[in-house]
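Asks: Handing over entry.txt, compact mmCIF, C-alpha atoms.
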# COMPACT_ATOMS: atom_id res chain seq x y z
CA MET A 1 28.36 30.43 -33.79
CA GLU A 2 28.87 32.63 -36.82
CA LYS A 3 26.93 32.38 -40.06
CA ILE A 4 27.19 28.87 -41.47
CA SER A 5 28.15 28.15 -45.06
CA ALA A 6 25.62 26.52 -47.36
CA GLU A 7 27.91 23.50 -47.69
CA ALA A 8 28.31 23.10 -43.92
CA PHE A 9 24.55 23.43 -43.43
CA GLU A 10 23.92 20.82 -46.14
CA ASP A 11 26.35 18.48 -44.39
CA MET A 12 24.52 19.04 -41.10
CA TYR A 13 21.17 18.37 -42.80
CA ASN A 14 22.46 15.19 -44.43
CA GLU A 15 23.88 13.94 -41.15
CA TYR A 16 20.90 14.62 -38.89
CA SER A 17 17.70 14.91 -40.97
CA ASP A 18 16.76 11.21 -40.87
CA ARG A 19 17.13 11.07 -37.09
CA ILE A 20 15.17 14.31 -36.64
CA TYR A 21 12.47 12.94 -38.94
CA GLY A 22 12.29 9.73 -36.89
CA TYR A 23 11.89 11.68 -33.66
CA ILE A 24 9.19 13.94 -35.10
CA PHE A 25 7.39 10.97 -36.63
CA LEU A 26 7.13 9.37 -33.18
CA LEU A 27 5.41 12.52 -31.96
CA VAL A 28 3.00 13.19 -34.85
CA ASN A 29 2.44 9.71 -36.33
CA ASP A 30 2.07 11.08 -39.87
CA LYS A 31 4.76 10.70 -42.55
CA GLU A 32 3.93 13.82 -44.57
CA VAL A 33 3.56 16.03 -41.51
CA ALA A 34 6.85 14.66 -40.12
CA GLU A 35 8.57 15.53 -43.40
CA ASP A 36 7.17 19.07 -43.31
CA LEU A 37 8.10 19.55 -39.67
CA THR A 38 11.60 18.22 -40.33
CA GLN A 39 11.99 20.89 -43.02
CA ASP A 40 10.63 23.51 -40.61
CA THR A 41 13.16 22.38 -38.02
CA PHE A 42 16.09 22.91 -40.37
CA ILE A 43 14.75 26.25 -41.59
CA LYS A 44 14.60 27.43 -37.97
CA ALA A 45 18.03 25.98 -37.29
CA TYR A 46 19.49 27.89 -40.23
CA LYS A 47 17.70 31.07 -39.20
CA TYR A 48 18.86 30.84 -35.57
CA MET A 49 22.29 29.27 -36.11
CA SER A 50 23.93 32.38 -34.67
CA GLN A 51 22.22 31.59 -31.35
CA PHE A 52 23.80 28.13 -31.11
CA ASN A 53 26.49 28.63 -28.50
CA GLY A 54 28.07 25.19 -28.49
CA GLU A 55 27.07 24.38 -24.91
CA SER A 56 25.27 21.28 -26.17
CA GLN A 57 25.87 19.04 -29.13
CA ILE A 58 24.41 20.25 -32.42
CA PHE A 59 22.12 17.19 -32.60
CA THR A 60 20.70 17.89 -29.13
CA TRP A 61 20.04 21.48 -30.20
CA LEU A 62 18.29 20.27 -33.36
CA VAL A 63 16.11 17.83 -31.39
CA ARG A 64 15.10 20.64 -29.07
CA ILE A 65 14.07 22.76 -32.06
CA SER A 66 12.23 19.80 -33.60
CA ARG A 67 10.41 19.14 -30.32
CA ASN A 68 9.21 22.74 -30.21
CA VAL A 69 8.12 22.61 -33.86
CA ALA A 70 6.23 19.35 -33.28
CA ILE A 71 4.60 20.53 -30.04
CA ASP A 72 3.49 23.74 -31.78
CA TYR A 73 1.96 21.64 -34.56
CA LEU A 74 0.20 19.35 -32.08
CA ARG A 75 -1.19 22.28 -30.12
CA LYS A 76 -2.56 23.82 -33.32
CA LYS A 77 -4.11 20.53 -34.31
CA ASN A 78 -5.27 19.94 -30.72
CA ARG A 79 -4.35 16.32 -30.88
CA PHE A 80 -1.79 14.33 -29.01
CA ARG A 81 -1.40 11.07 -30.86
CA PHE A 82 1.94 9.42 -30.43
CA PHE A 83 3.92 6.47 -31.67
CA SER A 84 3.70 4.18 -34.60
CA ILE A 85 5.65 1.02 -35.10
CA GLU A 86 6.12 1.63 -38.83
CA LYS A 87 9.59 3.12 -38.35
CA PHE A 88 10.72 0.34 -36.03
CA GLN A 89 12.49 -2.53 -37.67
CA LEU A 90 13.04 -5.70 -35.80
CA PRO A 91 16.23 -7.67 -36.38
CA SER A 92 15.29 -10.47 -38.73
CA ASP A 93 18.58 -12.16 -39.55
CA GLU A 94 18.24 -14.53 -36.59
CA ASP A 95 14.51 -14.52 -35.89
CA THR A 96 11.97 -16.74 -37.56
CA PRO A 97 8.91 -15.10 -39.16
CA THR A 98 6.80 -16.24 -36.20
CA GLU A 99 9.22 -14.64 -33.72
CA ILE A 100 9.13 -11.42 -35.72
CA ILE A 101 5.33 -11.36 -35.62
CA ILE A 102 5.29 -12.00 -31.87
CA LYS A 103 7.87 -9.27 -31.25
CA GLY A 104 5.93 -6.89 -33.47
CA GLU A 105 2.75 -7.54 -31.51
CA LYS A 106 4.56 -6.97 -28.22
CA VAL A 107 6.10 -3.72 -29.48
CA SER A 108 2.68 -2.63 -30.71
CA LEU A 109 1.15 -3.32 -27.29
CA LEU A 110 3.94 -1.36 -25.63
CA TYR A 111 3.49 1.70 -27.86
CA GLU A 112 -0.27 1.56 -27.52
CA ALA A 113 0.13 1.69 -23.73
CA ILE A 114 2.63 4.56 -23.96
CA ARG A 115 0.18 6.47 -26.16
CA HIS A 116 -2.24 6.54 -23.22
CA LEU A 117 0.20 8.23 -20.82
CA LYS A 118 0.31 11.98 -20.27
CA LEU A 119 2.42 14.06 -22.66
CA SER A 120 5.42 14.64 -20.37
CA TYR A 121 5.67 10.89 -19.74
CA GLN A 122 5.46 10.12 -23.45
CA GLU A 123 8.18 12.66 -24.25
CA VAL A 124 10.59 11.43 -21.60
CA LEU A 125 10.04 7.79 -22.61
CA ILE A 126 10.62 8.63 -26.30
CA LEU A 127 13.83 10.48 -25.55
CA ARG A 128 15.29 8.28 -22.81
CA LYS A 129 14.11 4.78 -23.66
CA ILE A 130 13.45 4.80 -27.41
CA LYS A 131 15.87 7.41 -28.76
CA GLU A 132 18.34 6.59 -25.95
CA PHE A 133 19.37 10.14 -25.10
CA SER A 134 21.36 10.61 -21.90
CA ILE A 135 19.80 12.27 -18.88
CA LYS A 136 21.78 15.43 -19.63
CA GLU A 137 20.73 15.51 -23.30
CA THR A 138 17.10 14.87 -22.38
CA ALA A 139 17.22 17.70 -19.85
CA GLU A 140 18.60 20.05 -22.51
CA ILE A 141 15.96 19.05 -25.06
CA LEU A 142 13.03 19.37 -22.66
CA ASN A 143 14.51 22.42 -20.90
CA TRP A 144 14.29 20.60 -17.57
CA ASN A 145 16.93 19.97 -14.94
CA GLU A 146 18.52 16.52 -14.76
CA ASN A 147 16.73 15.66 -11.52
CA LYS A 148 13.35 16.32 -13.14
CA VAL A 149 14.30 14.01 -16.01
CA LYS A 150 15.21 11.23 -13.56
CA ILE A 151 12.04 11.65 -11.52
CA THR A 152 9.76 11.93 -14.55
CA THR A 153 11.38 8.89 -16.18
CA SER A 154 10.80 6.89 -13.03
CA ARG A 155 7.19 8.04 -12.78
CA ALA A 156 6.62 7.43 -16.50
CA LEU A 157 7.90 3.87 -16.21
CA ALA A 158 5.67 3.28 -13.18
CA ALA A 159 2.68 4.71 -15.07
CA LEU A 160 3.55 2.53 -18.07
CA LYS A 161 3.71 -0.54 -15.85
CA LYS A 162 0.31 0.35 -14.36
CA GLU A 163 -1.18 0.92 -17.83
CA LEU A 164 0.15 -2.42 -19.10
CA GLU A 165 -1.15 -4.24 -16.02
CA LYS A 166 -4.54 -2.61 -16.53
CA ARG A 167 -4.51 -4.09 -20.03
CA GLY A 168 -3.51 -7.52 -18.70
CA GLU A 169 0.00 -7.37 -20.12
CA ILE A 170 3.22 -8.37 -18.38
CA TYR A 171 5.43 -5.28 -18.03
CA GLU A 172 8.78 -7.06 -17.77
CA GLU A 173 8.10 -9.24 -20.81
CA LEU A 174 7.14 -6.26 -22.98
CA ILE A 175 9.98 -4.04 -21.81
CA ARG A 176 12.53 -6.78 -22.49
CA THR A 177 11.25 -6.94 -26.09
CA ARG A 178 12.32 -3.37 -26.81
Represent the supplied structure as structure tokens.

Replies:
Amino acid sequence: MEKISAEAFEDMYNEYSDRIYGYIFLLVNDKEVAEDLTQDTFIKAYKYMSQFNGESQIFTWLVRISRNVAIDYLRKKNRFRFFSIEKFQLPSDEDTPTEIIIKGEKVSLLYEAIRHLKLSYQEVLILRKIKEFSIKETAEILNWNENKVKITTSRALAALKKELEKRGEIYEELIRTR
């Protein structure tokens, strides 16, 4: 891709920045850091726009950059804390306040269990099950092949089930909540 105009880049930022922020926030669990890393992501995207070859969607490319930025941050900070339910909003137009509280508690239990899995499992669960990327998109973001995404997703779900059972939670009930 050739050099991008300021207007086109602004349009890209406006279209994707909230979703990139949401993804980064899930990884770092800190609003201010997520904002900074989102900015870093778009600075890198602008700087390396000429390397975008169009083989993937622009959003997938941006998520890959944001993943690298977030992982670099986490390595520097030497911490791997993941997930917060602050960004998750439960549908409330049909649910009673009690149902909302119960769902919130179940979601919280689910994310707490995910937080205890190894990093590759957390990443694949974020991308596949929370952000709902396809297998192909997830493979592009993580720089894995599609088979590795499938296998790791399966193993991550099995590890999540084991973690939830260890905590005395019912896997199927919590997964259905999401």

Asks: Have a look at A:Leu110, A:Ala8, A:Ile130, A:Ile141 and name the one nearest to Ser66 (chain A); count all atoms listed in the file.

Replies: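 Among the listed residues, A:Ile141 lies closest to Ser66 (chain A).
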
Asks: Just the number, please: distance in Å from CA of Val69 (chain A) to CA of Ile24 (chain A), one decimal.

Replies: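 Atom-to-atom, CA of Val69 (chain A) and CA of Ile24 (chain A) are spaced 8.8 Å apart.
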
Asks: Using all atoms listed in the file, list the residues that have an atom at most 12 Å from (14.1, 6.1, -26.3), coordinates as in the file, as a PyMOL selection string.

Replies: chain A and resi 22-23+26+83+88+111+114+121-135+137-138+153+175+178

Asks: Can you tell me, as a CSV table (one decimal) with C-alpha atoms, keeping the file's coordinate frame, which residues sit within 9 Å of (15.4, 21.6, -25.5) in the file's frame, using all atoms listed in the file?

Replies:
chain,number,residue,atom,x,y,z
A,60,THR,CA,20.7,17.9,-29.1
A,61,TRP,CA,20.0,21.5,-30.2
A,62,LEU,CA,18.3,20.3,-33.4
A,63,VAL,CA,16.1,17.8,-31.4
A,64,ARG,CA,15.1,20.6,-29.1
A,65,ILE,CA,14.1,22.8,-32.1
A,66,SER,CA,12.2,19.8,-33.6
A,67,ARG,CA,10.4,19.1,-30.3
A,68,ASN,CA,9.2,22.7,-30.2
A,137,GLU,CA,20.7,15.5,-23.3
A,138,THR,CA,17.1,14.9,-22.4
A,139,ALA,CA,17.2,17.7,-19.8
A,140,GLU,CA,18.6,20.0,-22.5
A,141,ILE,CA,16.0,19.0,-25.1
A,142,LEU,CA,13.0,19.4,-22.7
A,143,ASN,CA,14.5,22.4,-20.9
A,144,TRP,CA,14.3,20.6,-17.6

Asks: Quick one, how far is CA of Lys44 (chain A) from CA of Ile71 (chain A)?

Replies: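 Atom-to-atom, CA of Lys44 (chain A) to CA of Ile71 (chain A), that is 14.5 Å.
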
Asks: Quick one: residues within 12 Å of Lys77 (chain A), only C-alpha atoms, excluding same-chain residues fewer than 6 positions away - as a list of chain:residue names?

Replies: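 Final neighbour list, sorted by chain and number: A:Val28, A:Val33, A:Ala70, A:Ile71.
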
Asks: Can you tell me which residues surround Glu35 (chain A) at a distance of at most 10 Å, considering all atoms listed in the file, apart from same-chain residues fewer than 5 positions away, and format the answer as a ChimeraX atom specification?

Replies: /A:17-18,20-22,24-25,30,40-41

Asks: Take the residues from that selection and put them in a file with C-alpha atoms, as a PDB file, keeping the file's coordinate frame.

Replies:
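Saved as result-v4.pdb:
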ATOM      1  CA  SER A  17      17.700  14.910 -40.970  1.00  0.00           C
ATOM      2  CA  ASP A  18      16.760  11.210 -40.870  1.00  0.00           C
ATOM      3  CA  ILE A  20      15.170  14.310 -36.640  1.00  0.00           C
ATOM      4  CA  TYR A  21      12.470  12.940 -38.940  1.00  0.00           C
ATOM      5  CA  GLY A  22      12.290   9.730 -36.890  1.00  0.00           C
ATOM      6  CA  ILE A  24       9.190  13.940 -35.100  1.00  0.00           C
ATOM      7  CA  PHE A  25       7.390  10.970 -36.630  1.00  0.00           C
ATOM      8  CA  ASP A  30       2.070  11.080 -39.870  1.00  0.00           C
ATOM      9  CA  ASP A  40      10.630  23.510 -40.610  1.00  0.00           C
ATOM     10  CA  THR A  41      13.160  22.380 -38.020  1.00  0.00           C
TER      11      THR A  41
END
